[in-house]
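**Student:** Before we start, here is the structure in question, set down as structure tokens.
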2 protein chains.
Amino acid sequence: MTSSKLYLEDLVPGQLFESGSHTLTATEIKDFAGRYDPQFFHLDDEAAKASLFGGLAASGWNVASVTMRLMVESSPIAGGLIGAGAEIAWPRPTRPGDTLRVVTEVVEVTPSRSRPERGMVLVRCKTLNQLDEIVQTMASRMVVPRRAVPETDK
Amino acid sequence: MTSSKLYLEDLVPGQLFESGSHTLTATEIKDFAGRYDPQFFHLDDEAAKASLFGGLAASGWNVASVTMRLMVESSPIAGGLIGAGAEIAWPRPTRPGDTLRVVTEVVEVTPSRSRPERGMVLVRCKTLNQLDEIVQTMASRMVVPRRAVPETDK
């Protein structure tokens, strides 16, 4: 427990967190697709031109996974980032060479009634490319520990 | 375009698709976490015991990615699986050695008004472990091509 970590009591709606950035190369796009989403528009530059994407595009799950890494690297949340669920959308394709970064906003902070040592936090994350275009939006519910459990609840 | 592929016209609410299975090893869990979700409860068996998970658990994005692979491998959808967005939840952890499979149900089929050559399909997917416990639920909107464009729309 370092003092720089944020607990449930430290989070308020409107709070913003900004990540570093990560450039998705064609190699990483194809490597991820080979493991987890082996479809031609994620694997083959030439064939992808005839697809709905009009060219090679990253798997949405690749974008989600890179987003997670950027959030983990920049997150000051105590206990880590533990998601219970998420609502996710990919409004535009991510292309080879795109540099992604994530802006996360705290939307709702709800202490648990049954578990005094923790609560739920709703965040909204935008994943942006180098042109500040949104390539992914995500609303995510996370479990966050409380700094101190009230004596009466122990 | 092989005759075994399904187009928008071939899909009806209630239709079920079942995937093959995949066993998530500790090695794959740690490898994925090292790349995309480097948190101790996904990386270190011993340290993970003290976490909310009570032991090593796969990243939710690892479970989502394995789910995608199982769907791609078993999907008969023409044009591939192209998701516009998804609502996802992880009701219980996935552990090293868990064998996952996916059951997908067609919920809604909606031809596009502006694009006669395609439509949207809403599916609900359950990812189950070897005890038939649900480790992930997902509702996903996918873009699916129509088999034939009416002459009048051309």
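FYI, nothing fancy with the structure tokens labels: chains A, B, ... in order, residues from 1 per chain, ligands from 1 as they appear.
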Show me, as a PyMOL selection string, the residues that have an atom within 10 Å of range 10-26 of chain A when counting only C-alpha atoms, minus same-chain residues fewer than 5 positions from it.
**Tutor:** chain A and resi 5+31-32+42-45+56-58+62-63+66-67+69-77+94-109+121-130+144+146-147
**Student:** For a quick test of understanding: name the residues of chain A lying within 7 Å of chain B when counting only C-alpha atoms, and present them as a JSON list (two decimals) with all heavy atoms, in the first residue's frame.
**Tutor:**
```json
[["chain", "number", "residue", "atom", "x", "y", "z"],
["A", 36, "TYR", "N", -5.75, -15.25, -31.84],
["A", 36, "TYR", "CA", -7.08, -15.11, -31.25],
["A", 36, "TYR", "C", -8.20, -14.68, -32.20],
["A", 36, "TYR", "O", -9.35, -14.71, -31.82],
["A", 36, "TYR", "CB", -7.00, -14.12, -30.08],
["A", 36, "TYR", "CG", -6.18, -14.63, -28.93],
["A", 36, "TYR", "CD1", -4.97, -14.04, -28.57],
["A", 36, "TYR", "CD2", -6.59, -15.76, -28.23],
["A", 36, "TYR", "CE1", -4.21, -14.55, -27.52],
["A", 36, "TYR", "CE2", -5.85, -16.28, -27.19],
["A", 36, "TYR", "CZ", -4.65, -15.66, -26.83],
["A", 36, "TYR", "OH", -3.91, -16.17, -25.81],
["A", 37, "ASP", "N", -7.88, -14.25, -33.40],
["A", 37, "ASP", "CA", -8.94, -13.77, -34.30],
["A", 37, "ASP", "C", -8.48, -13.96, -35.73],
["A", 37, "ASP", "O", -8.29, -13.00, -36.49],
["A", 37, "ASP", "CB", -9.22, -12.28, -34.00],
["A", 37, "ASP", "CG", -10.52, -11.80, -34.64],
["A", 37, "ASP", "OD1", -11.10, -12.53, -35.47],
["A", 37, "ASP", "OD2", -10.94, -10.67, -34.32],
["A", 39, "GLN", "N", -8.85, -14.10, -38.94],
["A", 39, "GLN", "CA", -9.69, -13.76, -40.09],
["A", 39, "GLN", "C", -8.83, -12.94, -41.07],
["A", 39, "GLN", "O", -7.97, -12.18, -40.67],
["A", 39, "GLN", "CB", -10.92, -12.99, -39.65],
["A", 39, "GLN", "CG", -11.74, -13.77, -38.60],
["A", 39, "GLN", "CD", -13.13, -13.20, -38.41],
["A", 39, "GLN", "OE1", -14.06, -13.60, -39.10],
["A", 39, "GLN", "NE2", -13.28, -12.27, -37.48],
["A", 61, "TRP", "N", -10.54, -7.08, -30.37],
["A", 61, "TRP", "CA", -10.02, -7.62, -29.10],
["A", 61, "TRP", "C", -8.56, -7.25, -28.91],
["A", 61, "TRP", "O", -8.08, -7.18, -27.77],
["A", 61, "TRP", "CB", -10.26, -9.13, -29.04],
["A", 61, "TRP", "CG", -11.72, -9.42, -29.22],
["A", 61, "TRP", "CD1", -12.31, -9.99, -30.31],
["A", 61, "TRP", "CD2", -12.77, -9.05, -28.33],
["A", 61, "TRP", "NE1", -13.67, -10.01, -30.13],
["A", 61, "TRP", "CE2", -13.98, -9.46, -28.93],
["A", 61, "TRP", "CE3", -12.82, -8.43, -27.07],
["A", 61, "TRP", "CZ2", -15.23, -9.26, -28.32],
["A", 61, "TRP", "CZ3", -14.05, -8.22, -26.46],
["A", 61, "TRP", "CH2", -15.24, -8.64, -27.08],
["A", 65, "SER", "N", -7.33, -5.16, -25.79],
["A", 65, "SER", "CA", -6.21, -5.66, -24.99],
["A", 65, "SER", "C", -5.11, -4.61, -24.84],
["A", 65, "SER", "O", -4.54, -4.43, -23.76],
["A", 65, "SER", "CB", -5.65, -6.94, -25.62],
["A", 65, "SER", "OG", -6.64, -7.96, -25.61],
["A", 66, "VAL", "N", -4.83, -3.89, -25.92],
["A", 66, "VAL", "CA", -3.85, -2.79, -25.85],
["A", 66, "VAL", "C", -4.38, -1.70, -24.91],
["A", 66, "VAL", "O", -3.63, -1.14, -24.09],
["A", 66, "VAL", "CB", -3.56, -2.21, -27.25],
["A", 66, "VAL", "CG1", -2.82, -0.88, -27.16],
["A", 66, "VAL", "CG2", -2.76, -3.20, -28.08],
["A", 68, "MET", "N", -6.29, -2.16, -22.36],
["A", 68, "MET", "CA", -6.12, -2.65, -20.99],
["A", 68, "MET", "C", -4.68, -2.44, -20.53],
["A", 68, "MET", "O", -4.44, -1.96, -19.42],
["A", 68, "MET", "CB", -6.48, -4.14, -20.92],
["A", 68, "MET", "CG", -6.45, -4.71, -19.53],
["A", 68, "MET", "SD", -7.77, -4.00, -18.48],
["A", 68, "MET", "CE", -7.25, -4.56, -16.85],
["A", 69, "ARG", "N", -3.72, -2.76, -21.40],
["A", 69, "ARG", "CA", -2.31, -2.59, -21.02],
["A", 69, "ARG", "C", -2.00, -1.12, -20.70],
["A", 69, "ARG", "O", -1.35, -0.81, -19.72],
["A", 69, "ARG", "CB", -1.40, -3.10, -22.13],
["A", 69, "ARG", "CG", 0.04, -2.77, -21.82],
["A", 69, "ARG", "CD", 1.08, -3.65, -22.43],
["A", 69, "ARG", "NE", 2.28, -3.46, -21.63],
["A", 69, "ARG", "CZ", 3.05, -4.42, -21.20],
["A", 69, "ARG", "NH1", 2.80, -5.67, -21.51],
["A", 69, "ARG", "NH2", 4.09, -4.16, -20.44],
["A", 72, "VAL", "N", -3.54, -0.32, -17.34],
["A", 72, "VAL", "CA", -2.80, -0.94, -16.23],
["A", 72, "VAL", "C", -1.52, -0.15, -15.96],
["A", 72, "VAL", "O", -1.18, 0.14, -14.81],
["A", 72, "VAL", "CB", -2.46, -2.42, -16.55],
["A", 72, "VAL", "CG1", -1.41, -2.97, -15.59],
["A", 72, "VAL", "CG2", -3.72, -3.28, -16.50],
["A", 80, "GLY", "N", -5.24, -2.95, -8.07],
["A", 80, "GLY", "CA", -5.22, -3.28, -9.49],
["A", 80, "GLY", "C", -6.55, -3.00, -10.17],
["A", 80, "GLY", "O", -7.50, -2.55, -9.52],
["A", 84, "ALA", "N", -15.55, -6.24, -13.70],
["A", 84, "ALA", "CA", -16.65, -7.19, -13.59],
["A", 84, "ALA", "C", -17.35, -7.34, -14.94],
["A", 84, "ALA", "O", -17.97, -8.36, -15.22],
["A", 84, "ALA", "CB", -17.63, -6.74, -12.53],
["A", 85, "GLY", "N", -17.22, -6.30, -15.76],
["A", 85, "GLY", "CA", -17.85, -6.34, -17.06],
["A", 85, "GLY", "C", -17.63, -5.04, -17.79],
["A", 85, "GLY", "O", -17.11, -4.07, -17.22],
["A", 86, "ALA", "N", -17.99, -5.03, -19.07],
["A", 86, "ALA", "CA", -17.73, -3.83, -19.89],
["A", 86, "ALA", "C", -18.68, -3.78, -21.07],
["A", 86, "ALA", "O", -19.17, -4.81, -21.55],
["A", 86, "ALA", "CB", -16.29, -3.84, -20.39],
["A", 87, "GLU", "N", -18.96, -2.57, -21.51],
["A", 87, "GLU", "CA", -19.70, -2.36, -22.73],
["A", 87, "GLU", "C", -18.73, -1.67, -23.68],
["A", 87, "GLU", "O", -18.15, -0.64, -23.33],
["A", 87, "GLU", "CB", -20.89, -1.43, -22.44],
["A", 87, "GLU", "CG", -22.07, -1.69, -23.33],
["A", 87, "GLU", "CD", -23.22, -0.78, -22.98],
["A", 87, "GLU", "OE1", -23.57, -0.69, -21.79],
["A", 87, "GLU", "OE2", -23.74, -0.13, -23.89],
["A", 88, "ILE", "N", -18.56, -2.26, -24.84],
["A", 88, "ILE", "CA", -17.45, -1.84, -25.69],
["A", 88, "ILE", "C", -17.94, -1.62, -27.12],
["A", 88, "ILE", "O", -18.86, -2.29, -27.58],
["A", 88, "ILE", "CB", -16.35, -2.93, -25.60],
["A", 88, "ILE", "CG1", -15.02, -2.49, -26.16],
["A", 88, "ILE", "CG2", -16.80, -4.22, -26.23],
["A", 88, "ILE", "CD1", -13.89, -3.43, -25.73],
["A", 89, "ALA", "N", -17.39, -0.64, -27.81],
["A", 89, "ALA", "CA", -17.75, -0.41, -29.21],
["A", 89, "ALA", "C", -16.52, 0.06, -29.96],
["A", 89, "ALA", "O", -15.63, 0.71, -29.39],
["A", 89, "ALA", "CB", -18.87, 0.62, -29.33],
["A", 90, "TRP", "N", -16.47, -0.30, -31.24],
["A", 90, "TRP", "CA", -15.35, 0.09, -32.10],
["A", 90, "TRP", "C", -15.92, 0.91, -33.26],
["A", 90, "TRP", "O", -16.29, 0.36, -34.30],
["A", 90, "TRP", "CB", -14.65, -1.16, -32.62],
["A", 90, "TRP", "CG", -14.10, -2.01, -31.52],
["A", 90, "TRP", "CD1", -13.01, -1.73, -30.74],
["A", 90, "TRP", "CD2", -14.60, -3.28, -31.05],
["A", 90, "TRP", "NE1", -12.81, -2.75, -29.83],
["A", 90, "TRP", "CE2", -13.77, -3.70, -29.99],
["A", 90, "TRP", "CE3", -15.68, -4.09, -31.42],
["A", 90, "TRP", "CZ2", -13.98, -4.90, -29.31],
["A", 90, "TRP", "CZ3", -15.89, -5.27, -30.74],
["A", 90, "TRP", "CH2", -15.04, -5.67, -29.69]]
```
**Student:** Would you please extract all helix (DSSP H, G or I) residues from range 21-77 of chain B, as assigned by DSSP on the backbone, and give them as a VMD selection string?
**Tutor:** chain B and resid 26 to 36 40 to 43 45 to 48 60 to 74
**Student:** Please produce an output containing N, CA and C atoms for each residue in the selection, written as an mmCIF file, in the first residue's frame.
**Tutor:**
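Output file part_14.cif is given in full below:
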```cif
data_model
loop_
_atom_site.group_PDB
_atom_site.id
_atom_site.type_symbol
_atom_site.label_atom_id
_atom_site.label_comp_id
_atom_site.auth_asym_id
_atom_site.auth_seq_id
_atom_site.Cartn_x
_atom_site.Cartn_y
_atom_site.Cartn_z
ATOM 1 N N ALA B 26 -1.732 -22.404 -17.679
ATOM 2 C CA ALA B 26 -1.089 -21.343 -16.898
ATOM 3 C C ALA B 26 -0.118 -20.561 -17.780
ATOM 4 N N THR B 27 0.566 -21.264 -18.682
ATOM 5 C CA THR B 27 1.528 -20.614 -19.579
ATOM 6 C C THR B 27 0.832 -19.595 -20.480
ATOM 7 N N GLU B 28 -0.306 -19.983 -21.050
ATOM 8 C CA GLU B 28 -1.022 -19.052 -21.932
ATOM 9 C C GLU B 28 -1.584 -17.871 -21.132
ATOM 10 N N ILE B 29 -2.092 -18.141 -19.927
ATOM 11 C CA ILE B 29 -2.632 -17.075 -19.067
ATOM 12 C C ILE B 29 -1.543 -16.036 -18.766
ATOM 13 N N LYS B 30 -0.344 -16.523 -18.409
ATOM 14 C CA LYS B 30 0.752 -15.609 -18.044
ATOM 15 C C LYS B 30 1.317 -14.901 -19.273
ATOM 16 N N ASP B 31 1.352 -15.620 -20.404
ATOM 17 C CA ASP B 31 1.861 -15.016 -21.631
ATOM 18 C C ASP B 31 0.948 -13.873 -22.074
ATOM 19 N N PHE B 32 -0.356 -14.118 -22.070
ATOM 20 C CA PHE B 32 -1.309 -13.064 -22.453
ATOM 21 C C PHE B 32 -1.192 -11.884 -21.493
ATOM 22 N N ALA B 33 -1.149 -12.195 -20.194
ATOM 23 C CA ALA B 33 -1.081 -11.124 -19.182
ATOM 24 C C ALA B 33 0.191 -10.301 -19.349
ATOM 25 N N GLY B 34 1.300 -10.964 -19.655
ATOM 26 C CA GLY B 34 2.560 -10.255 -19.845
ATOM 27 C C GLY B 34 2.475 -9.253 -20.997
ATOM 28 N N ARG B 35 1.720 -9.617 -22.021
ATOM 29 C CA ARG B 35 1.579 -8.729 -23.183
ATOM 30 C C ARG B 35 0.541 -7.633 -22.963
ATOM 31 N N TYR B 36 -0.602 -7.998 -22.318
ATOM 32 C CA TYR B 36 -1.757 -7.087 -22.371
ATOM 33 C C TYR B 36 -2.413 -6.761 -21.035
ATOM 34 N N PHE B 40 -0.463 -8.757 -11.063
ATOM 35 C CA PHE B 40 0.112 -9.916 -10.361
ATOM 36 C C PHE B 40 -0.833 -11.118 -10.285
ATOM 37 N N PHE B 41 -2.154 -10.844 -10.222
ATOM 38 C CA PHE B 41 -3.102 -11.978 -10.096
ATOM 39 C C PHE B 41 -3.271 -12.742 -11.400
ATOM 40 N N HIS B 42 -2.691 -12.213 -12.510
ATOM 41 C CA HIS B 42 -2.684 -12.955 -13.780
ATOM 42 C C HIS B 42 -1.298 -13.536 -14.087
ATOM 43 N N LEU B 43 -0.310 -13.220 -13.234
ATOM 44 C CA LEU B 43 1.089 -13.551 -13.565
ATOM 45 C C LEU B 43 1.790 -14.447 -12.549
ATOM 46 N N ASP B 45 1.404 -17.176 -9.484
ATOM 47 C CA ASP B 45 0.530 -18.122 -8.773
ATOM 48 C C ASP B 45 0.491 -17.841 -7.279
ATOM 49 N N GLU B 46 1.670 -17.634 -6.700
ATOM 50 C CA GLU B 46 1.771 -17.501 -5.240
ATOM 51 C C GLU B 46 1.125 -16.191 -4.780
ATOM 52 N N ALA B 47 1.537 -15.076 -5.398
ATOM 53 C CA ALA B 47 1.015 -13.755 -5.008
ATOM 54 C C ALA B 47 -0.493 -13.657 -5.253
ATOM 55 N N ALA B 48 -0.975 -14.350 -6.290
ATOM 56 C CA ALA B 48 -2.401 -14.275 -6.656
ATOM 57 C C ALA B 48 -3.318 -14.787 -5.542
ATOM 58 N N GLY B 60 -9.695 -11.151 -18.119
ATOM 59 C CA GLY B 60 -10.981 -11.189 -18.832
ATOM 60 C C GLY B 60 -10.797 -11.035 -20.337
ATOM 61 N N TRP B 61 -9.792 -10.243 -20.730
ATOM 62 C CA TRP B 61 -9.542 -10.030 -22.166
ATOM 63 C C TRP B 61 -8.942 -11.256 -22.810
ATOM 64 N N ASN B 62 -8.262 -12.079 -22.010
ATOM 65 C CA ASN B 62 -7.776 -13.369 -22.494
ATOM 66 C C ASN B 62 -8.971 -14.299 -22.760
ATOM 67 N N VAL B 63 -9.918 -14.323 -21.824
ATOM 68 C CA VAL B 63 -11.123 -15.145 -21.996
ATOM 69 C C VAL B 63 -11.913 -14.662 -23.216
ATOM 70 N N ALA B 64 -12.028 -13.332 -23.369
ATOM 71 C CA ALA B 64 -12.743 -12.771 -24.525
ATOM 72 C C ALA B 64 -12.046 -13.153 -25.825
ATOM 73 N N SER B 65 -10.715 -13.127 -25.822
ATOM 74 C CA SER B 65 -9.949 -13.429 -27.031
ATOM 75 C C SER B 65 -10.040 -14.909 -27.397
ATOM 76 N N VAL B 66 -9.982 -15.778 -26.384
ATOM 77 C CA VAL B 66 -10.153 -17.218 -26.635
ATOM 78 C C VAL B 66 -11.571 -17.477 -27.155
ATOM 79 N N THR B 67 -12.544 -16.782 -26.569
ATOM 80 C CA THR B 67 -13.936 -16.908 -27.030
ATOM 81 C C THR B 67 -14.028 -16.537 -28.507
ATOM 82 N N MET B 68 -13.364 -15.445 -28.893
ATOM 83 C CA MET B 68 -13.393 -15.010 -30.292
ATOM 84 C C MET B 68 -12.803 -16.086 -31.191
ATOM 85 N N ARG B 69 -11.658 -16.645 -30.774
ATOM 86 C CA ARG B 69 -11.030 -17.680 -31.606
ATOM 87 C C ARG B 69 -11.964 -18.884 -31.789
ATOM 88 N N LEU B 70 -12.601 -19.312 -30.690
ATOM 89 C CA LEU B 70 -13.517 -20.453 -30.768
ATOM 90 C C LEU B 70 -14.697 -20.134 -31.694
ATOM 91 N N MET B 71 -15.174 -18.887 -31.648
ATOM 92 C CA MET B 71 -16.285 -18.488 -32.520
ATOM 93 C C MET B 71 -15.854 -18.451 -33.982
ATOM 94 N N VAL B 72 -14.670 -17.885 -34.237
ATOM 95 C CA VAL B 72 -14.173 -17.804 -35.617
ATOM 96 C C VAL B 72 -14.017 -19.207 -36.200
ATOM 97 N N GLU B 73 -13.450 -20.123 -35.394
ATOM 98 C CA GLU B 73 -13.194 -21.483 -35.880
ATOM 99 C C GLU B 73 -14.477 -22.253 -36.190
ATOM 100 N N SER B 74 -15.557 -21.890 -35.504
ATOM 101 C CA SER B 74 -16.792 -22.670 -35.664
ATOM 102 C C SER B 74 -17.885 -21.891 -36.388
#
```
**Student:** So the first atom is CA of Ala50 in chain B and the second is CA of Pro93 in chain B; what is the distance between them in Å, to one decimal place?
**Tutor:** 14.7 Å
**Student:** By how many Å are CA of Arg118 in chain B and CA of Gly54 in chain A apart?
**Tutor:**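 So the answer is 15.7 Å.
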**Student:** Please, which residues of chain A, numbered as in this document, come out strand (DSSP E or B) from DSSP, as JSON, numbers by chain?
**Tutor:** {"A": [6, 16, 17, 18, 19, 20, 21, 22, 23, 77, 82, 83, 84, 85, 86, 87, 88, 89, 99, 100, 101, 102, 103, 104, 105, 106, 107, 108, 109, 110, 111, 118, 119, 120, 121, 122, 123, 124, 125, 126, 127, 128, 134, 135, 136, 137, 138, 139, 140, 141, 142, 143, 144, 145]}
**Student:** Find the distance between CA of Val135 in chain B and CA of Met142 in chain A and write it in Å to one decimal.
**Tutor:**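 These two atoms are separated by 16.7 Å.
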